[in-house]
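Structure file query.cif; described as mmCIF, C-alpha atoms and all ligand atoms; chains and numbers go by the auth columns.
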```cif
data_protein
#
loop_
_atom_site.group_PDB
_atom_site.id
_atom_site.type_symbol
_atom_site.label_atom_id
_atom_site.label_comp_id
_atom_site.label_asym_id
_atom_site.label_seq_id
_atom_site.Cartn_x
_atom_site.Cartn_y
_atom_site.Cartn_z
_atom_site.B_iso_or_equiv
_atom_site.auth_seq_id
_atom_site.auth_asym_id
ATOM 1 C CA MET A 1 101.924 19.272 -55.873 0.00 292 A
ATOM 2 C CA PRO A 2 103.154 18.626 -59.401 0.00 293 A
ATOM 3 C CA GLY A 3 101.832 15.430 -60.879 0.00 294 A
ATOM 4 C CA THR A 4 99.062 14.997 -58.354 0.00 295 A
ATOM 5 C CA THR A 5 95.401 15.626 -58.801 0.00 296 A
ATOM 6 C CA ALA A 6 93.583 17.685 -56.219 0.00 297 A
ATOM 7 C CA PRO A 7 91.009 15.616 -54.328 0.00 298 A
ATOM 8 C CA ARG A 8 87.511 15.969 -55.677 0.00 299 A
ATOM 9 C CA THR A 9 85.040 17.803 -53.554 0.00 300 A
ATOM 10 C CA TYR A 10 81.400 18.590 -54.143 0.00 301 A
ATOM 11 C CA ARG A 11 82.536 22.006 -55.349 0.00 302 A
ATOM 12 C CA ASP A 12 84.362 20.553 -58.350 0.00 303 A
ATOM 13 C CA ALA A 13 81.086 19.861 -60.060 0.00 304 A
ATOM 14 C CA VAL A 14 77.607 21.251 -60.383 0.00 305 A
ATOM 15 C CA THR A 15 75.876 20.673 -57.058 0.00 306 A
ATOM 16 C CA THR A 16 72.400 19.269 -57.326 0.00 307 A
ATOM 17 C CA ALA A 17 69.864 19.262 -54.505 0.00 308 A
ATOM 18 C CA VAL A 18 66.437 17.692 -54.274 0.00 309 A
ATOM 19 C CA CYS A 19 63.536 19.525 -52.625 0.00 310 A
ATOM 20 C CA PRO A 20 61.174 16.683 -51.781 0.00 311 A
ATOM 21 C CA GLY A 21 57.627 16.818 -50.532 0.00 312 A
ATOM 22 C CA SER A 22 54.120 15.589 -51.024 0.00 313 A
ATOM 23 C CA PHE A 23 53.054 19.031 -52.310 0.00 314 A
ATOM 24 C CA ASP A 24 49.343 18.192 -52.188 0.00 315 A
ATOM 25 C CA PRO A 25 49.031 20.975 -53.255 0.00 316 A
ATOM 26 C CA PHE A 26 52.177 23.110 -53.807 0.00 317 A
ATOM 27 C CA THR A 27 51.851 26.332 -51.762 0.00 318 A
ATOM 28 C CA LEU A 28 53.568 29.717 -51.689 0.00 319 A
ATOM 29 C CA GLY A 29 55.466 28.416 -48.649 0.00 320 A
ATOM 30 C CA HIS A 30 56.871 25.566 -50.739 0.00 321 A
ATOM 31 C CA LEU A 31 57.785 28.006 -53.517 0.00 322 A
ATOM 32 C CA ASP A 32 59.681 30.127 -50.982 0.00 323 A
ATOM 33 C CA VAL A 33 61.718 27.082 -49.905 0.00 324 A
ATOM 34 C CA VAL A 34 62.503 26.131 -53.518 0.00 325 A
ATOM 35 C CA ARG A 35 63.733 29.677 -54.158 0.00 326 A
ATOM 36 C CA ARG A 36 66.021 29.440 -51.121 0.00 327 A
ATOM 37 C CA ALA A 37 67.335 26.064 -52.310 0.00 328 A
ATOM 38 C CA ARG A 38 68.003 27.552 -55.756 0.00 329 A
ATOM 39 C CA ALA A 39 70.049 30.319 -54.149 0.00 330 A
ATOM 40 C CA LEU A 40 72.247 27.700 -52.455 0.00 331 A
ATOM 41 C CA PHE A 41 72.635 25.034 -55.135 0.00 332 A
ATOM 42 C CA ASP A 42 73.460 25.142 -58.857 0.00 333 A
ATOM 43 C CA ASP A 43 70.768 22.692 -59.772 0.00 334 A
ATOM 44 C CA VAL A 44 67.516 21.933 -57.939 0.00 335 A
ATOM 45 C CA VAL A 45 64.977 19.205 -58.591 0.00 336 A
ATOM 46 C CA VAL A 46 61.597 19.328 -56.871 0.00 337 A
ATOM 47 C CA GLY A 47 60.692 15.721 -56.102 0.00 338 A
ATOM 48 C CA VAL A 48 57.010 14.938 -55.665 0.00 339 A
ATOM 49 C CA ALA A 49 56.672 11.839 -53.512 0.00 340 A
ATOM 50 C CA LYS A 50 54.056 9.845 -51.665 0.00 341 A
ATOM 51 C CA ASN A 51 54.006 10.365 -47.918 0.00 342 A
ATOM 52 C CA ALA A 52 52.846 7.067 -46.450 0.00 343 A
ATOM 53 C CA GLY A 53 51.311 8.946 -43.523 0.00 344 A
ATOM 54 C CA LYS A 54 49.045 11.195 -45.612 0.00 345 A
ATOM 55 C CA SER A 55 46.070 10.473 -47.829 0.00 346 A
ATOM 56 C CA GLY A 56 46.432 12.263 -51.161 0.00 347 A
ATOM 57 C CA LEU A 57 43.934 14.509 -52.934 0.00 348 A
ATOM 58 C CA LEU A 58 45.679 15.264 -56.248 0.00 349 A
ATOM 59 C CA PRO A 59 47.375 12.650 -58.464 0.00 350 A
ATOM 60 C CA LEU A 60 51.181 12.940 -58.367 0.00 351 A
ATOM 61 C CA GLU A 61 51.308 13.954 -62.060 0.00 352 A
ATOM 62 C CA THR A 62 48.840 16.797 -61.407 0.00 353 A
ATOM 63 C CA ARG A 63 50.974 18.034 -58.503 0.00 354 A
ATOM 64 C CA VAL A 64 54.039 17.982 -60.778 0.00 355 A
ATOM 65 C CA ALA A 65 52.182 19.890 -63.522 0.00 356 A
ATOM 66 C CA LEU A 66 51.083 22.607 -61.061 0.00 357 A
ATOM 67 C CA ILE A 67 54.631 22.916 -59.721 0.00 358 A
ATOM 68 C CA ARG A 68 56.066 23.201 -63.240 0.00 359 A
ATOM 69 C CA THR A 69 53.646 26.042 -64.003 0.00 360 A
ATOM 70 C CA ALA A 70 54.586 27.845 -60.780 0.00 361 A
ATOM 71 C CA LEU A 71 58.323 27.429 -61.431 0.00 362 A
ATOM 72 C CA ALA A 72 58.015 28.651 -65.022 0.00 363 A
ATOM 73 C CA ALA A 73 56.333 31.850 -63.811 0.00 364 A
ATOM 74 C CA ASP A 74 59.034 32.635 -61.237 0.00 365 A
ATOM 75 C CA PRO A 75 62.426 34.018 -62.363 0.00 366 A
ATOM 76 C CA ALA A 76 63.901 33.089 -58.948 0.00 367 A
ATOM 77 C CA THR A 77 63.456 29.398 -59.768 0.00 368 A
ATOM 78 C CA GLU A 78 65.033 29.459 -63.226 0.00 369 A
ATOM 79 C CA GLY A 79 66.306 26.022 -64.239 0.00 370 A
ATOM 80 C CA VAL A 80 64.511 24.219 -61.424 0.00 371 A
ATOM 81 C CA ARG A 81 62.615 21.140 -62.605 0.00 372 A
ATOM 82 C CA ALA A 82 59.922 19.012 -61.017 0.00 373 A
ATOM 83 C CA GLU A 83 59.598 15.225 -61.239 0.00 374 A
ATOM 84 C CA VAL A 84 57.674 12.395 -59.610 0.00 375 A
ATOM 85 C CA VAL A 85 59.699 10.377 -57.088 0.00 376 A
ATOM 86 C CA PRO A 86 58.578 6.857 -58.004 0.00 377 A
ATOM 87 C CA GLY A 87 59.959 5.053 -54.951 0.00 378 A
ATOM 88 C CA LEU A 88 62.450 5.812 -52.226 0.00 379 A
ATOM 89 C CA LEU A 89 63.651 9.392 -52.065 0.00 380 A
ATOM 90 C CA VAL A 90 67.279 8.271 -51.676 0.00 381 A
ATOM 91 C CA ASP A 91 67.089 6.290 -54.941 0.00 382 A
ATOM 92 C CA PHE A 92 65.741 9.359 -56.719 0.00 383 A
ATOM 93 C CA CYS A 93 68.552 11.481 -55.232 0.00 384 A
ATOM 94 C CA ARG A 94 71.127 8.978 -56.492 0.00 385 A
ATOM 95 C CA GLU A 95 69.515 8.969 -59.933 0.00 386 A
ATOM 96 C CA VAL A 96 69.673 12.761 -60.327 0.00 387 A
ATOM 97 C CA GLY A 97 73.122 13.003 -58.698 0.00 388 A
ATOM 98 C CA ALA A 98 71.948 15.069 -55.725 0.00 389 A
ATOM 99 C CA VAL A 99 74.418 15.832 -52.932 0.00 390 A
ATOM 100 C CA ALA A 100 71.725 17.071 -50.548 0.00 391 A
ATOM 101 C CA VAL A 101 68.055 17.107 -49.698 0.00 392 A
ATOM 102 C CA VAL A 102 66.620 20.538 -48.861 0.00 393 A
ATOM 103 C CA LYS A 103 63.626 20.876 -46.566 0.00 394 A
ATOM 104 C CA GLY A 104 61.932 23.972 -45.187 0.00 395 A
ATOM 105 C CA LEU A 105 61.122 24.488 -41.536 0.00 396 A
ATOM 106 C CA ARG A 106 58.209 26.609 -40.299 0.00 397 A
ATOM 107 C CA GLY A 107 58.957 25.870 -36.662 0.00 398 A
ATOM 108 C CA GLY A 108 59.750 23.259 -34.056 0.00 399 A
ATOM 109 C CA ALA A 109 56.995 20.850 -35.086 0.00 400 A
ATOM 110 C CA ASP A 110 58.448 20.653 -38.588 0.00 401 A
ATOM 111 C CA PHE A 111 61.905 20.058 -37.148 0.00 402 A
ATOM 112 C CA ASP A 112 60.612 17.193 -34.990 0.00 403 A
ATOM 113 C CA ALA A 113 58.921 15.608 -38.001 0.00 404 A
ATOM 114 C CA GLU A 114 61.849 16.133 -40.356 0.00 405 A
ATOM 115 C CA VAL A 115 64.763 14.899 -38.242 0.00 406 A
ATOM 116 C CA PRO A 116 63.757 11.196 -38.304 0.00 407 A
ATOM 117 C CA MET A 117 63.357 11.372 -42.105 0.00 408 A
ATOM 118 C CA ALA A 118 66.723 13.099 -42.498 0.00 409 A
ATOM 119 C CA LEU A 119 68.378 10.471 -40.301 0.00 410 A
ATOM 120 C CA MET A 120 66.703 7.606 -42.186 0.00 411 A
ATOM 121 C CA ASN A 121 67.767 9.028 -45.540 0.00 412 A
ATOM 122 C CA ARG A 122 71.349 9.418 -44.282 0.00 413 A
ATOM 123 C CA HIS A 123 71.251 5.880 -42.875 0.00 414 A
ATOM 124 C CA LEU A 124 70.075 4.534 -46.241 0.00 415 A
ATOM 125 C CA SER A 125 72.465 6.386 -48.517 0.00 416 A
ATOM 126 C CA GLY A 126 74.665 8.851 -46.648 0.00 417 A
ATOM 127 C CA ILE A 127 72.827 11.844 -48.135 0.00 418 A
ATOM 128 C CA GLU A 128 72.692 14.954 -45.952 0.00 419 A
ATOM 129 C CA THR A 129 69.591 17.087 -45.402 0.00 420 A
ATOM 130 C CA VAL A 130 69.919 20.878 -45.347 0.00 421 A
ATOM 131 C CA PHE A 131 67.184 22.703 -43.461 0.00 422 A
ATOM 132 C CA VAL A 132 66.205 26.222 -44.422 0.00 423 A
ATOM 133 C CA CYS A 133 63.882 28.469 -42.433 0.00 424 A
ATOM 134 C CA GLY A 134 60.943 29.532 -44.532 0.00 425 A
ATOM 135 C CA ASP A 135 59.637 33.081 -44.728 0.00 426 A
ATOM 136 C CA PRO A 136 57.599 33.639 -41.524 0.00 427 A
ATOM 137 C CA ALA A 137 54.895 35.190 -43.718 0.00 428 A
ATOM 138 C CA TYR A 138 54.067 31.601 -44.725 0.00 429 A
ATOM 139 C CA ALA A 139 54.493 29.978 -41.301 0.00 430 A
ATOM 140 C CA HIS A 140 50.760 29.204 -41.150 0.00 431 A
ATOM 141 C CA VAL A 141 50.559 27.798 -44.675 0.00 432 A
ATOM 142 C CA ALA A 142 50.267 24.012 -44.858 0.00 433 A
ATOM 143 C CA SER A 143 48.794 21.951 -47.713 0.00 434 A
ATOM 144 C CA SER A 144 46.439 20.196 -45.284 0.00 435 A
ATOM 145 C CA MET A 145 45.032 23.518 -44.060 0.00 436 A
ATOM 146 C CA VAL A 146 44.793 24.904 -47.593 0.00 437 A
ATOM 147 C CA LYS A 147 42.610 21.922 -48.506 0.00 438 A
ATOM 148 C CA ASP A 148 40.530 22.334 -45.369 0.00 439 A
ATOM 149 C CA VAL A 149 39.938 26.038 -46.026 0.00 440 A
ATOM 150 C CA ALA A 150 38.942 25.272 -49.627 0.00 441 A
ATOM 151 C CA ARG A 151 36.724 22.377 -48.528 0.00 442 A
ATOM 152 C CA HIS A 152 34.707 24.802 -46.421 0.00 443 A
ATOM 153 C CA GLY A 153 34.444 27.478 -49.092 0.00 444 A
ATOM 154 C CA GLY A 154 37.294 29.736 -47.921 0.00 445 A
ATOM 155 C CA VAL A 155 39.654 31.752 -50.106 0.00 446 A
ATOM 156 C CA ILE A 156 42.972 30.027 -50.882 0.00 447 A
ATOM 157 C CA GLU A 157 44.133 32.068 -53.879 0.00 448 A
ATOM 158 C CA ASP A 158 46.592 34.046 -51.735 0.00 449 A
ATOM 159 C CA LEU A 159 48.139 30.865 -50.288 0.00 450 A
ATOM 160 C CA VAL A 160 49.019 29.011 -53.494 0.00 451 A
ATOM 161 C CA PRO A 161 50.593 29.831 -56.884 0.00 452 A
ATOM 162 C CA ALA A 162 48.299 30.822 -59.758 0.00 453 A
ATOM 163 C CA GLY A 163 46.158 27.998 -61.099 0.00 454 A
ATOM 164 C CA VAL A 164 46.411 25.765 -58.030 0.00 455 A
ATOM 165 C CA ALA A 165 43.229 26.906 -56.259 0.00 456 A
ATOM 166 C CA GLU A 166 40.936 25.947 -59.161 0.00 457 A
ATOM 167 C CA VAL A 167 42.473 22.477 -59.444 0.00 458 A
ATOM 168 C CA VAL A 168 42.170 21.883 -55.686 0.00 459 A
ATOM 169 C CA ARG A 169 38.515 22.967 -55.678 0.00 460 A
ATOM 170 C CA ALA A 170 37.694 20.764 -58.664 0.00 461 A
ATOM 171 C CA ALA A 171 39.382 17.772 -57.011 0.00 462 A
ATOM 172 C CA LEU A 172 37.547 18.406 -53.741 0.00 463 A
ATOM 173 C CA SER A 173 34.173 18.639 -55.433 0.00 464 A
ATOM 174 C CA ALA A 174 34.871 15.391 -57.329 0.00 465 A
ATOM 175 C CA THR A 175 35.714 13.629 -54.071 0.00 466 A
ATOM 176 C CA THR A 176 32.884 11.962 -52.228 0.00 467 A
ATOM 177 C CA GLU A 177 33.073 13.227 -48.702 0.00 468 A
ATOM 178 C CA GLU A 178 30.944 12.945 -45.608 0.00 469 A
ATOM 179 C CA ARG A 179 29.194 16.280 -45.124 0.00 470 A
HETATM 180 O O1 LIG B . 55.848 17.144 -47.698 0.00 1 B
HETATM 181 P P1 LIG B . 56.055 15.946 -46.833 0.00 1 B
HETATM 182 O O2 LIG B . 54.787 15.123 -46.775 0.00 1 B
HETATM 183 O O3 LIG B . 56.591 16.302 -45.469 0.00 1 B
HETATM 184 O O4 LIG B . 57.192 15.071 -47.542 0.00 1 B
HETATM 185 C C1 LIG B . 57.553 13.787 -47.051 0.00 1 B
HETATM 186 C C2 LIG B . 58.164 12.965 -48.198 0.00 1 B
HETATM 187 C C3 LIG B . 57.122 12.792 -49.303 0.00 1 B
HETATM 188 C C4 LIG B . 59.379 13.671 -48.740 0.00 1 B
HETATM 189 C C5 LIG B . 58.565 11.561 -47.628 0.00 1 B
HETATM 190 O O5 LIG B . 57.412 10.893 -47.161 0.00 1 B
HETATM 191 C C6 LIG B . 59.298 10.700 -48.658 0.00 1 B
HETATM 192 O O6 LIG B . 60.482 10.866 -48.836 0.00 1 B
HETATM 193 N N1 LIG B . 58.573 9.791 -49.350 0.00 1 B
HETATM 194 C C7 LIG B . 59.151 8.932 -50.388 0.00 1 B
HETATM 195 C C8 LIG B . 59.371 7.497 -49.886 0.00 1 B
HETATM 196 C C9 LIG B . 60.579 7.444 -48.963 0.00 1 B
HETATM 197 O O7 LIG B . 61.704 7.663 -49.367 0.00 1 B
HETATM 198 N N2 LIG B . 60.299 7.126 -47.686 0.00 1 B
HETATM 199 C C10 LIG B . 61.314 7.111 -46.644 0.00 1 B
HETATM 200 C C11 LIG B . 61.577 8.544 -46.163 0.00 1 B
HETATM 201 S S1 LIG B . 62.405 8.590 -44.666 0.00 1 B
#
```
Go ahead and render the structure in this file as structure tokens.
Ligand code: PNS
Amino acid sequence: MPGTTAPRTYRDAVTTAVCPGSFDPFTLGHLDVVRRARALFDDVVVGVAKNAGKSGLLPLETRVALIRTALAADPATEGVRAEVVPGLLVDFCREVGAVAVVKGLRGGADFDAEVPMALMNRHLSGIETVFVCGDPAYAHVASSMVKDVARHGGVIEDLVPAGVAEVVRAALSATTEER
């Protein structure tokens, strides 16, 4: 109508999404999810956050540095950046102007774990979570298992982006563990 302004929708502006996770360490499965998010949204920020239910191996800044290296080497993630999430994920999303959180699902167990988080984040701020199914080739790849394989001397190079395996092994050998 003349003289009126069309209502704003998300599509009027660049749409930003946050791909959050603990990424301890970032795996090829995570990279696959970030690529899928990048195909859906104009702007993607990988948010590295603390998961209160998990004990961490790598410092958050190290995780971010490894992710940045992996993203820089992958043309399918052009423009994607990685940052530490210093507090609540919803506050970070507000700060970067994200309209959605993107999470990958490997199967039903992931769905069961993710739904309460998605509902809590929506309760806190109204933000929606978009779930994408990861490549089944990575359905068995989890950061916890990658660390366990490495801890026992197994090969993890084909499960993580270049450079990650060495950093994980160094961190494991610096950690005092019961043997
Ligand atoms: O890779 P993960 O461990 O499944 O990711 C979970 C993560 C880190 C995204 C979640 O624990 C989180 O958002 N942490 C930041 C603090 C926060 O916002 N907590 C409330 C989430 S419902």
ask   = Which residues sit within 8 Å of ligand LIG 1 (chain B), counting all atoms listed in the file, listed as a PyMOL selection string?
value = chain A and resi 311-315+338-345+376-382+404-405+407-412
inquiry  = Which residues, named as in the file, does the PyMOL selection byres (((chain A and resi 354-356) around 8) and not hetatm) pick out? Answer as a count of residues only.
reply    = 17
task = Apply the PyMOL selection byres (((chain A and resi 419) around 8) and not hetatm) to the file shown and report the selected residues as an NGL selection string.
result = :A and (390-392 or 409 or 412-413 or 417-418 or 420-421)
query = Evaluating the PyMOL selection byres (((chain A and resi 397) around 6) and not hetatm) on the displayed file yields which residues, as a list in words?
reply = Leu396, Gly398, Gly425 and Ala430 of chain A
Box dimensions and centre (Å, one decimal) enclosing region 395-404 of chain A, axis-aligned, 6 Å extra per side, as AutoDock Vina command-line options:
```
--center_x 59.5 --center_y 21.1 --center_z -39.6 --size_x 16.9 --size_y 23.0 --size_z 23.1
```
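Compared by their closest atoms to Arg442 (chain A), and using all atoms listed in the file, the residues A:Thr466, A:Val337, A:Lys394, A:Cys424 rank with A:Thr466 nearest.
Comparing the minimum interatomic distances between Lys438 (chain A) and each of A:Val459, A:Phe422, A:Gly454, A:Ala400, counting only C-alpha atoms, we find that A:Val459 sits nearest.
Taking CA of Phe402 (chain A) and CA of Val335 (chain A) as the two end points, the separation is 21.6 Å.
Considering the residues A:Gly444, A:Arg385, A:Val309, A:Val423 and counting all atoms listed in the file, Val324 (chain A) has its shortest atom-to-atom contact with A:Val423.
By all atoms listed in the file, and with residues fewer than 5 positions from Gly445 (chain A) along its chain excluded, the set lying at most 12 Å from it is Met436, Val437, Lys438, Asp439, Val440, Leu450, Ala456 and Arg460 of chain A.
For the choices A:Ala461, A:Val451, A:Cys310, A:Val325, the atom-to-atom distance to Cys384 (chain A) is smallest for A:Cys310 when using only C-alpha atoms.
From CA of Gly370 (chain A) back to CA of Asp334 (chain A), the distance works out to 7.1 Å.
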